[in-house]
file entry_8.cif (mmCIF, C-alpha atoms)
data_structure
#
loop_
_atom_site.label_atom_id
_atom_site.label_comp_id
_atom_site.auth_asym_id
_atom_site.auth_seq_id
_atom_site.Cartn_x
_atom_site.Cartn_y
_atom_site.Cartn_z
CA LEU A 1 173.54 -79.12 -125.06
CA LEU A 2 176.81 -80.65 -123.86
CA THR A 3 177.71 -78.33 -120.98
CA PHE A 4 176.31 -75.32 -119.12
CA GLU A 5 178.27 -73.61 -116.34
CA ALA A 6 177.91 -70.44 -114.27
CA THR A 7 180.90 -69.04 -112.36
CA LEU A 8 181.15 -66.05 -110.04
CA GLN A 9 184.19 -64.02 -111.10
CA PRO A 10 186.56 -62.21 -108.67
CA GLU A 11 185.36 -58.78 -109.86
CA GLY A 12 181.75 -59.74 -108.97
CA THR A 13 180.36 -60.57 -112.42
CA ALA A 14 178.86 -63.92 -113.42
CA LEU A 15 180.39 -65.80 -116.34
CA LEU A 16 178.05 -68.21 -118.18
CA ASN A 17 179.48 -70.77 -120.60
CA TRP A 18 177.81 -73.49 -122.62
CA THR A 19 178.63 -75.74 -125.53
CA SER A 20 176.37 -77.50 -127.99
CA GLN A 21 176.75 -80.58 -130.10
CA ASN A 22 174.04 -80.23 -132.76
CA GLU A 23 171.90 -77.12 -133.32
CA SER A 24 170.30 -78.14 -136.64
CA ASN A 25 166.72 -77.42 -135.43
CA LEU A 26 167.64 -74.80 -132.81
CA ALA A 27 166.81 -71.13 -133.50
CA TYR A 28 168.23 -69.41 -130.40
CA TYR A 29 169.01 -69.52 -126.69
CA ILE A 30 167.50 -67.25 -124.07
CA VAL A 31 169.65 -66.84 -120.98
CA GLU A 32 167.35 -66.45 -117.97
CA LYS A 33 168.20 -65.16 -114.50
CA SER A 34 166.44 -65.46 -111.14
CA ILE A 35 167.15 -64.39 -107.57
CA ASN A 36 164.82 -67.02 -106.08
CA GLY A 37 164.83 -69.89 -108.60
CA VAL A 38 161.10 -69.42 -109.27
CA GLN A 39 160.57 -66.08 -111.00
CA TRP A 40 162.74 -65.73 -114.12
CA ASN A 41 163.74 -62.77 -116.29
CA GLN A 42 165.48 -62.72 -119.65
CA LEU A 43 169.10 -61.66 -119.39
CA THR A 44 169.98 -61.94 -123.10
CA ARG A 45 169.23 -63.82 -126.31
CA GLN A 46 171.86 -65.66 -128.35
CA THR A 47 171.30 -66.93 -131.91
CA ALA A 48 172.22 -70.58 -132.41
CA GLY A 49 175.34 -70.97 -134.52
CA GLY A 50 175.00 -74.38 -136.14
CA THR A 51 176.97 -77.44 -135.10
CA GLY A 52 179.33 -77.64 -132.15
CA HIS A 53 179.49 -74.07 -130.87
CA SER A 54 180.68 -72.60 -127.59
CA TYR A 55 179.03 -69.55 -126.05
CA THR A 56 179.99 -67.08 -123.32
CA VAL A 57 177.76 -64.48 -121.67
CA THR A 58 178.64 -62.16 -118.78
CA ASP A 59 176.09 -60.92 -116.25
CA PRO A 60 177.56 -57.66 -114.93
CA ARG A 61 175.15 -57.49 -111.97
CA PRO A 62 174.37 -60.83 -110.33
CA GLY A 63 172.47 -60.71 -107.02
CA THR A 64 174.18 -60.18 -103.69
CA ASN A 65 173.34 -63.66 -102.34
CA PHE A 66 172.35 -66.47 -104.69
CA THR A 67 171.63 -65.97 -108.37
CA TYR A 68 170.20 -68.71 -110.56
CA TYR A 69 170.67 -69.13 -114.31
CA ARG A 70 169.16 -71.37 -116.96
CA LEU A 71 168.99 -71.57 -120.74
CA ARG A 72 165.79 -71.74 -122.72
CA LEU A 73 166.58 -73.64 -125.92
CA VAL A 74 164.06 -72.50 -128.55
CA ASN A 75 163.77 -74.49 -131.77
CA GLN A 76 162.61 -73.36 -135.24
CA ASN A 77 158.88 -73.93 -134.52
CA ASN A 78 159.08 -72.02 -131.18
CA ASN A 79 158.91 -75.10 -128.97
CA TYR A 80 161.47 -74.99 -126.19
CA ASN A 81 163.26 -76.92 -123.47
CA TYR A 82 165.26 -75.77 -120.46
CA SER A 83 168.81 -76.54 -119.43
CA PRO A 84 169.63 -77.57 -115.87
CA ILE A 85 169.66 -74.63 -113.45
CA ARG A 86 173.02 -73.28 -112.26
CA ARG A 87 173.52 -71.25 -109.06
CA ILE A 88 176.26 -68.85 -108.01
CA GLY A 89 176.82 -66.94 -104.78
CA THR A 90 177.14 -67.52 -101.06
CA GLU A 91 175.11 -67.05 -97.89
CA GLU A 92 177.75 -64.70 -96.44
CA ASN A 93 175.72 -61.49 -96.66
CA LEU A 94 172.28 -63.09 -96.57
CA GLN A 95 169.46 -60.74 -95.57
CA ALA A 96 166.03 -61.81 -94.34
CA GLY A 97 163.45 -61.88 -97.11
CA LEU A 98 159.92 -63.07 -97.80
CA GLN A 99 158.47 -64.03 -101.19
CA LEU A 100 155.00 -65.42 -101.85
CA PHE A 101 153.94 -66.90 -105.19
CA PRO A 102 151.81 -67.09 -107.16
CA ASN A 103 149.79 -64.07 -106.18
CA PRO A 104 146.82 -64.26 -106.42
CA LEU A 105 146.65 -67.86 -105.20
CA LEU A 106 145.49 -70.11 -108.01
CA ASP A 107 144.28 -72.87 -105.72
CA ASN A 108 144.07 -73.44 -101.96
CA THR A 109 147.83 -73.76 -101.50
CA LEU A 110 149.85 -70.87 -100.08
CA HIS A 111 153.48 -71.16 -101.16
CA PHE A 112 156.12 -68.81 -99.81
CA GLU A 113 159.83 -68.77 -99.15
CA TYR A 114 161.54 -67.18 -96.20
CA GLN A 115 165.24 -66.45 -96.51
CA THR A 116 167.12 -65.87 -93.26
CA PRO A 117 170.71 -65.25 -92.16
CA ILE A 118 170.19 -67.25 -88.92
CA THR A 119 168.70 -70.52 -87.71
CA GLY A 120 165.77 -70.14 -85.32
CA VAL A 121 162.01 -70.08 -84.85
CA LEU A 122 159.60 -68.38 -87.25
CA LEU A 123 156.15 -67.14 -86.22
CA ILE A 124 153.76 -67.13 -89.19
CA LYS A 125 150.44 -65.22 -89.12
CA ILE A 126 147.70 -64.62 -91.66
CA TYR A 127 145.40 -61.61 -91.27
CA ASP A 128 142.52 -60.32 -93.34
CA TYR A 129 142.30 -56.65 -94.29
CA LEU A 130 140.20 -55.88 -91.21
CA GLY A 131 143.04 -57.11 -89.01
CA ARG A 132 141.36 -60.36 -87.97
CA GLU A 133 143.82 -63.20 -87.38
CA HIS A 134 143.04 -66.35 -89.42
CA ALA A 135 146.11 -68.50 -88.76
CA VAL A 136 149.08 -68.66 -86.39
CA LEU A 137 151.85 -71.18 -86.98
CA VAL A 138 155.30 -71.72 -85.51
CA ARG A 139 158.03 -73.37 -87.61
CA ASN A 140 161.76 -73.91 -87.26
CA VAL A 141 163.93 -72.34 -89.97
CA THR A 142 167.56 -72.81 -90.90
CA LYS A 143 170.00 -70.30 -92.32
CA GLY A 144 169.29 -69.83 -96.01
CA ASN A 145 166.11 -70.38 -98.00
CA ASN A 146 163.13 -72.06 -96.30
CA PRO A 147 160.15 -73.04 -98.51
CA PHE A 148 156.66 -73.40 -97.01
CA TYR A 149 153.39 -74.84 -98.36
CA PHE A 150 150.10 -74.48 -96.48
CA GLU A 151 146.59 -75.57 -97.43
CA LEU A 152 144.09 -72.72 -97.02
CA LYS A 153 140.82 -74.52 -97.85
CA ASN A 154 138.95 -72.84 -94.98
CA LEU A 155 140.06 -69.33 -95.94
CA ALA A 156 137.37 -67.38 -97.86
CA SER A 157 138.17 -65.48 -101.05
CA GLY A 158 139.59 -62.05 -100.34
CA PHE A 159 142.62 -59.91 -99.49
CA TYR A 160 145.07 -61.09 -96.80
CA ILE A 161 148.40 -60.30 -95.19
CA LEU A 162 151.04 -62.95 -94.52
CA GLN A 163 153.29 -61.86 -91.67
CA VAL A 164 156.45 -63.65 -90.49
CA ILE A 165 158.41 -62.81 -87.36
CA GLN A 166 161.86 -64.10 -86.46
CA GLU A 167 163.46 -62.57 -83.39
CA LYS A 168 163.29 -58.78 -84.03
CA GLU A 169 162.74 -59.10 -87.80
CA THR A 170 159.14 -58.74 -89.05
CA GLN A 171 158.19 -59.01 -92.71
CA GLN A 172 154.84 -59.12 -94.41
CA VAL A 173 153.34 -59.43 -97.85
CA LYS A 174 149.81 -58.89 -99.17
CA PHE A 175 148.08 -61.61 -101.16
CA VAL A 176 144.75 -62.45 -102.75
CA LYS A 177 142.87 -65.74 -102.43
CA ARG A 178 140.34 -66.29 -105.20
#

call {"tool": "encode", "arguments": {"input": "entry_8.cif", "output": "structure tokens"}}
result
Amino acid sequence: LLTFEATLQPEGTALLNWTSQNESNLAYYIVEKSINGVQWNQLTRQTAGGTGHSYTVTDPRPGTNFTYYRLRLVNQNNNYNYSPIRRIGTEENLQAGLQLFPNPLLDNTLHFEYQTPITGVLLIKIYDYLGREHAVLVRNVTKGNNPFYFELKNLASGFYILQVIQEKETQQVKFVKR
């Protein structure tokens, strides 16, 4: 892979371009798309053309804020590598959002991202399904995406609710700890 670029077009589509130098062992490319840079979905598949090819793919519906793209380069024996990730978009119309992953938790680490249109203070709470409060934390957040990692070693296996509050905005997500 020589180049890989993603460009937001004036009409609102995303234009993806890449060029290759040598594709002798390459079977195909999978163009992947994500709205958070963690969870990826296949946008399209492109057969490798040989030596020194250029490719262009258009995404007619990129996200409203940031959209991330990458290429999965799959060779003849189904092994693969990834290209660098490319991002398009702006924080202009950023809405508050909460995403937790993986769910269920695979270990004792709770990982979530809070996306906010404003800088401020975030109140973080964890409840069990009976409404009992297990954790209360206060963290500063900045406009944009804010990743968080918390160790939950003392939290028993079960169903929980992660709640975040910033000013008048409250969001919550259910999760399972095994």

call {"tool": "resolve_selection", "arguments": {"input": "entry_8.cif", "expression": "the PyMOL selection byres ((chain A and resi 60-76) around 8)", "output": "MDAnalysis selection string"}}
result
chainID A and resid 6 12:14 25:37 58:59 77:94

call {"tool": "write_last_selection", "arguments": {"input": "entry_8.cif", "atoms": "C-alpha atoms", "output": "PDB file, in the frame of the given file"}}
result
ATOM      1  CA  ALA A   6     177.910 -70.440-114.270  1.00  0.00           C
ATOM      2  CA  GLY A  12     181.750 -59.740-108.970  1.00  0.00           C
ATOM      3  CA  THR A  13     180.360 -60.570-112.420  1.00  0.00           C
ATOM      4  CA  ALA A  14     178.860 -63.920-113.420  1.00  0.00           C
ATOM      5  CA  ASN A  25     166.720 -77.420-135.430  1.00  0.00           C
ATOM      6  CA  LEU A  26     167.640 -74.800-132.810  1.00  0.00           C
ATOM      7  CA  ALA A  27     166.810 -71.130-133.500  1.00  0.00           C
ATOM      8  CA  TYR A  28     168.230 -69.410-130.400  1.00  0.00           C
ATOM      9  CA  TYR A  29     169.010 -69.520-126.690  1.00  0.00           C
ATOM     10  CA  ILE A  30     167.500 -67.250-124.070  1.00  0.00           C
ATOM     11  CA  VAL A  31     169.650 -66.840-120.980  1.00  0.00           C
ATOM     12  CA  GLU A  32     167.350 -66.450-117.970  1.00  0.00           C
ATOM     13  CA  LYS A  33     168.200 -65.160-114.500  1.00  0.00           C
ATOM     14  CA  SER A  34     166.440 -65.460-111.140  1.00  0.00           C
ATOM     15  CA  ILE A  35     167.150 -64.390-107.570  1.00  0.00           C
ATOM     16  CA  ASN A  36     164.820 -67.020-106.080  1.00  0.00           C
ATOM     17  CA  GLY A  37     164.830 -69.890-108.600  1.00  0.00           C
ATOM     18  CA  THR A  58     178.640 -62.160-118.780  1.00  0.00           C
ATOM     19  CA  ASP A  59     176.090 -60.920-116.250  1.00  0.00           C
ATOM     20  CA  ASN A  77     158.880 -73.930-134.520  1.00  0.00           C
ATOM     21  CA  ASN A  78     159.080 -72.020-131.180  1.00  0.00           C
ATOM     22  CA  ASN A  79     158.910 -75.100-128.970  1.00  0.00           C
ATOM     23  CA  TYR A  80     161.470 -74.990-126.190  1.00  0.00           C
ATOM     24  CA  ASN A  81     163.260 -76.920-123.470  1.00  0.00           C
ATOM     25  CA  TYR A  82     165.260 -75.770-120.460  1.00  0.00           C
ATOM     26  CA  SER A  83     168.810 -76.540-119.430  1.00  0.00           C
ATOM     27  CA  PRO A  84     169.630 -77.570-115.870  1.00  0.00           C
ATOM     28  CA  ILE A  85     169.660 -74.630-113.450  1.00  0.00           C
ATOM     29  CA  ARG A  86     173.020 -73.280-112.260  1.00  0.00           C
ATOM     30  CA  ARG A  87     173.520 -71.250-109.060  1.00  0.00           C
ATOM     31  CA  ILE A  88     176.260 -68.850-108.010  1.00  0.00           C
ATOM     32  CA  GLY A  89     176.820 -66.940-104.780  1.00  0.00           C
ATOM     33  CA  THR A  90     177.140 -67.520-101.060  1.00  0.00           C
ATOM     34  CA  GLU A  91     175.110 -67.050 -97.890  1.00  0.00           C
ATOM     35  CA  GLU A  92     177.750 -64.700 -96.440  1.00  0.00           C
ATOM     36  CA  ASN A  93     175.720 -61.490 -96.660  1.00  0.00           C
ATOM     37  CA  LEU A  94     172.280 -63.090 -96.570  1.00  0.00           C
TER      38      LEU A  94
END

call {"tool": "closest_residue", "arguments": {"input": "entry_8.cif", "among": "A:His53, A:His111, A:Arg45, A:Arg132", "to": "Phe148 of chain A", "atoms": "all atoms listed in the file"}}
result
A:His111

call {"tool": "closest_residue", "arguments": {"input": "entry_8.cif", "among": "A:Phe175, A:Tyr149, A:Tyr160, A:Phe4", "to": "Val57 of chain A", "atoms": "only C-alpha atoms"}}
result
A:Phe4

call {"tool": "residues_around", "arguments": {"input": "entry_8.cif", "residues": "Val141 of chain A", "least_positions_apart": "4", "cutoff": "12 Å", "atoms": "all atoms listed in the file", "output": "PyMOL selection string"}}
result
chain A and resi 96+113-124+145-148+164-167

call {"tool": "atom_distance", "arguments": {"input": "entry_8.cif", "atom1": "atom CA of Pro10 of chain A", "atom2": "atom CA of Trp40 of chain A"}}
result
24.7 Å

call {"tool": "atom_distance", "arguments": {"input": "entry_8.cif", "atom1": "atom CA of Tyr127 of chain A", "atom2": "atom CA of Val173 of chain A"}}
result
10.5 Å

call {"tool": "closest_residue", "arguments": {"input": "entry_8.cif", "among": "A:Leu98, A:Val136, A:Val38, A:Leu152", "to": "Lys177 of chain A", "atoms": "only C-alpha atoms"}}
result
A:Leu152

call {"tool": "atom_distance", "arguments": {"input": "entry_8.cif", "atom1": "atom CA of Leu100 of chain A", "atom2": "atom CA of Thr44 of chain A"}}
result
26.2 Å

call {"tool": "resolve_selection", "arguments": {"input": "entry_8.cif", "expression": "the PyMOL selection byres ((chain A and resi 2) around 8)", "output": "list of chain:residue names"}}
result
A:Leu1, A:Thr3, A:Phe4, A:Trp18, A:Thr19, A:Ser20, A:Gln21

call {"tool": "write_last_selection", "arguments": {"input": "entry_8.cif", "atoms": "C-alpha atoms", "output": "PDB file, in the frame of the given file"}}
result
ATOM      1  CA  LEU A   1     173.540 -79.120-125.060  1.00  0.00           C
ATOM      2  CA  THR A   3     177.710 -78.330-120.980  1.00  0.00           C
ATOM      3  CA  PHE A   4     176.310 -75.320-119.120  1.00  0.00           C
ATOM      4  CA  TRP A  18     177.810 -73.490-122.620  1.00  0.00           C
ATOM      5  CA  THR A  19     178.630 -75.740-125.530  1.00  0.00           C
ATOM      6  CA  SER A  20     176.370 -77.500-127.990  1.00  0.00           C
ATOM      7  CA  GLN A  21     176.750 -80.580-130.100  1.00  0.00           C
TER       8      GLN A  21
END

call {"tool": "residues_around", "arguments": {"input": "entry_8.cif", "residues": "Tyr129 of chain A", "least_positions_apart": "3", "cutoff": "12 Å", "atoms": "only C-alpha atoms", "output": "PyMOL selection string"}}
result
chain A and resi 126+132-134+157-162+173-176

call {"tool": "closest_residue", "arguments": {"input": "entry_8.cif", "among": "A:Tyr55, A:Gln172, A:Gly131, A:Ala156", "to": "Phe112 of chain A", "atoms": "all atoms listed in the file"}}
result
A:Gln172

call {"tool": "build_atoms", "arguments": {"input": "entry_8.cif", "residues": "segment 159-173 of chain A", "atoms": "N, CA and C atoms", "output": "mmCIF file, in the frame of the given file"}}
result
data_model
loop_
_atom_site.group_PDB
_atom_site.id
_atom_site.type_symbol
_atom_site.label_atom_id
_atom_site.label_comp_id
_atom_site.auth_asym_id
_atom_site.auth_seq_id
_atom_site.Cartn_x
_atom_site.Cartn_y
_atom_site.Cartn_z
ATOM 1 N N PHE A 159 141.280 -60.482 -99.637
ATOM 2 C CA PHE A 159 142.620 -59.910 -99.490
ATOM 3 C C PHE A 159 143.163 -60.259 -98.104
ATOM 4 N N TYR A 160 144.445 -60.656 -98.057
ATOM 5 C CA TYR A 160 145.070 -61.090 -96.800
ATOM 6 C C TYR A 160 146.481 -60.542 -96.678
ATOM 7 N N ILE A 161 147.020 -60.671 -95.472
ATOM 8 C CA ILE A 161 148.400 -60.300 -95.190
ATOM 9 C C ILE A 161 149.072 -61.501 -94.544
ATOM 10 N N LEU A 162 150.184 -61.915 -95.116
ATOM 11 C CA LEU A 162 151.040 -62.950 -94.520
ATOM 12 C C LEU A 162 152.137 -62.219 -93.772
ATOM 13 N N GLN A 163 152.266 -62.505 -92.492
ATOM 14 C CA GLN A 163 153.290 -61.860 -91.670
ATOM 15 C C GLN A 163 154.181 -62.938 -91.068
ATOM 16 N N VAL A 164 155.498 -62.727 -91.123
ATOM 17 C CA VAL A 164 156.450 -63.650 -90.490
ATOM 18 C C VAL A 164 157.329 -62.855 -89.537
ATOM 19 N N ILE A 165 157.602 -63.459 -88.388
ATOM 20 C CA ILE A 165 158.410 -62.810 -87.360
ATOM 21 C C ILE A 165 159.492 -63.778 -86.912
ATOM 22 N N GLN A 166 160.733 -63.334 -86.977
ATOM 23 C CA GLN A 166 161.860 -64.100 -86.460
ATOM 24 C C GLN A 166 162.717 -63.158 -85.629
ATOM 25 N N GLU A 167 162.788 -63.437 -84.343
ATOM 26 C CA GLU A 167 163.460 -62.570 -83.390
ATOM 27 C C GLU A 167 162.927 -61.141 -83.543
ATOM 28 N N LYS A 168 163.750 -60.174 -83.901
ATOM 29 C CA LYS A 168 163.290 -58.780 -84.030
ATOM 30 C C LYS A 168 162.940 -58.406 -85.461
ATOM 31 N N GLU A 169 163.007 -59.354 -86.383
ATOM 32 C CA GLU A 169 162.740 -59.100 -87.800
ATOM 33 C C GLU A 169 161.296 -59.477 -88.129
ATOM 34 N N THR A 170 160.528 -58.508 -88.621
ATOM 35 C CA THR A 170 159.140 -58.740 -89.050
ATOM 36 C C THR A 170 159.017 -58.370 -90.520
ATOM 37 N N GLN A 171 158.418 -59.274 -91.302
ATOM 38 C CA GLN A 171 158.190 -59.010 -92.710
ATOM 39 C C GLN A 171 156.768 -59.426 -93.037
ATOM 40 N N GLN A 172 156.180 -58.740 -94.005
ATOM 41 C CA GLN A 172 154.840 -59.120 -94.410
ATOM 42 C C GLN A 172 154.645 -58.851 -95.897
ATOM 43 N N VAL A 173 153.674 -59.570 -96.451
ATOM 44 C CA VAL A 173 153.340 -59.430 -97.850
ATOM 45 C C VAL A 173 151.825 -59.602 -97.998
#
